[in-house]
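What follows is a set of notes on a single structure, which appears directly below.
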Amino acid sequence: MKLLEGKNVIITGASRGIGKGIAEVFGKAGANVAFTYSSSEAPALELEKELSAMGVKAKAYKSNAASFEESQELVAKVLEDFGGIDVLINNAGITKDKLLMRMGEEDFDTVIEINLKSVYNMTKAVQRTMLKQRQGSIINMSSVVGVKGNAGQANYAASKAGMIGFTKSVALELGSRNIRCNAIAPGFIETEMTGKLDEKMVQEWRDAIPLKRGGNPEDVANACLFLASDLSAYVTGQVLNVDGGMLT
Ligand code: NAP
């Protein structure tokens with residue numbers, strides 16, 4: 001039997017990058033995948049087709065994770081379409097990097113709303129279902145930047161550190177109902193988000209990583225597979241670094 005056979009999963013922000021990698025690995029593991037996107041409709045529909053061809057149920061939803069109302073509506077639709085939710089992966093995220101000197105209020109608020117408020121919105125929306133089922137796994141995509149900070153990313157680092165505090169609190173609140181909540185802290189994962197960066201700087205980063213390479217979405221997806229499945233049945237409230245040894 002496949003590791004996630006018959007499990008219903010919601011992934012936010014899976015039209016590309018890490019979220020897409022998670023959807024693909026989960027589809028192969030037998031999970032039914034409901035996923036969201038913000039504006040990339042064509043790639044989202046393409047992924048929906050790719051996953052359906054694996055023989056699992058898959059559906060793309062346009063939904064802004066930063067909106068409380070849209071998150072409620074999304075979860076209601078997913079419940080109608082899939083009949084349950086076993087795993088939630090809060091992956092949607094953006095960057096708006098600037099030194100604090102130049103960081104406007106909007107740069108700060110938007111990053112907090114999309115990266116952190118979204119985690120509250122979605123967790124709140126699935127909570128009742130998971131409580132009724134008396135089981136669930138919630139995985140929050142934080143970052144090594146949330147653990148150690150980074151110059152030029154005060155807004156992003158604050159959002160990712162906030163996710164860790166949220167994760168640990170939810171693990172404490174919901175553990176008695178067999179609902180687990182963990183965070184993943186990816187290091188440097190090569191996606192579109194990092195494709196905007198200067199190649200020389202990127203090569204210097206790769207050289208400084210103990211495993212001597214950037215990670216790929218599958219590296220992160222495999223850690224999610226562990227946290228989503230019963231292999232991690234006794235793991236909650238943790239932050240799993242997937243960073244090639246960067247923070248060691
Ligand atoms: P990405 O390639 O930029 O993809 C971001 C995804 O989030 C896209 O699917 C995007 O949808 C979606 N999204 C953006 N805003 C949204 C919103 N308001 N509502 C719903 N979906 C939204 O990013 P990535 O590199 O895969 O990163 C994924 C997560 O991992 C993020 O939380 C990021 O902070 C975290 N992370 C990444 C790295 C890294 O090195 N790449 C390292 C540590 C942590 P559209 O395509 O429609 O815009």
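Identifiers in the structure tokens: chain A, B, ... in order shown; residue index from 1 per chain; ligand index from 1 in order shown.
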Check your understanding: If you count only C-alpha atoms, which residues fall within 9 Å of region 72-78 of chain A, apart from same-chain ones fewer than 3 positions away, as number ranges by chain?
Key -> A: 10, 34, 36, 59, 61-63, 67-69, 81-85, 121-122, 124-126
Practice item. Kindly work out which residues sit at most 8 Å from ligand 1, using only C-alpha atoms and all ligand atoms, and give the list as a ChimeraX atom specification. Key: /A:12-20,36-41,43-44,62-67,90-95,114-115,118,141-145,156,160,185-194,215,217
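Looking only at region 141-184 of chain A, the set that DSSP places in strand (DSSP E or B) from backbone geometry is Met141, Ile179, Arg180, Cys181, Asn182, Ala183 and Ile184 of chain A.
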Exercise for review: List the neighbours of Gly146 (chain A) out to 7 Å using only C-alpha atoms; skip same-chain residues closer than 5 positions along the sequence, and give me the result as a PyMOL selection string.
Suggested key: chain A and resi 157-158+160-161
Could the residues in this selection be saved with C-alpha atoms as a PDB file, in the first residue's frame?
ATOM      1  CA  ALA A 157      11.994  36.482   8.633  1.00  0.00           C
ATOM      2  CA  ALA A 158       9.341  37.827  11.029  1.00  0.00           C
ATOM      3  CA  LYS A 160       8.574  32.712   9.075  1.00  0.00           C
ATOM      4  CA  ALA A 161       9.546  32.964  12.772  1.00  0.00           C
TER       5      ALA A 161
END
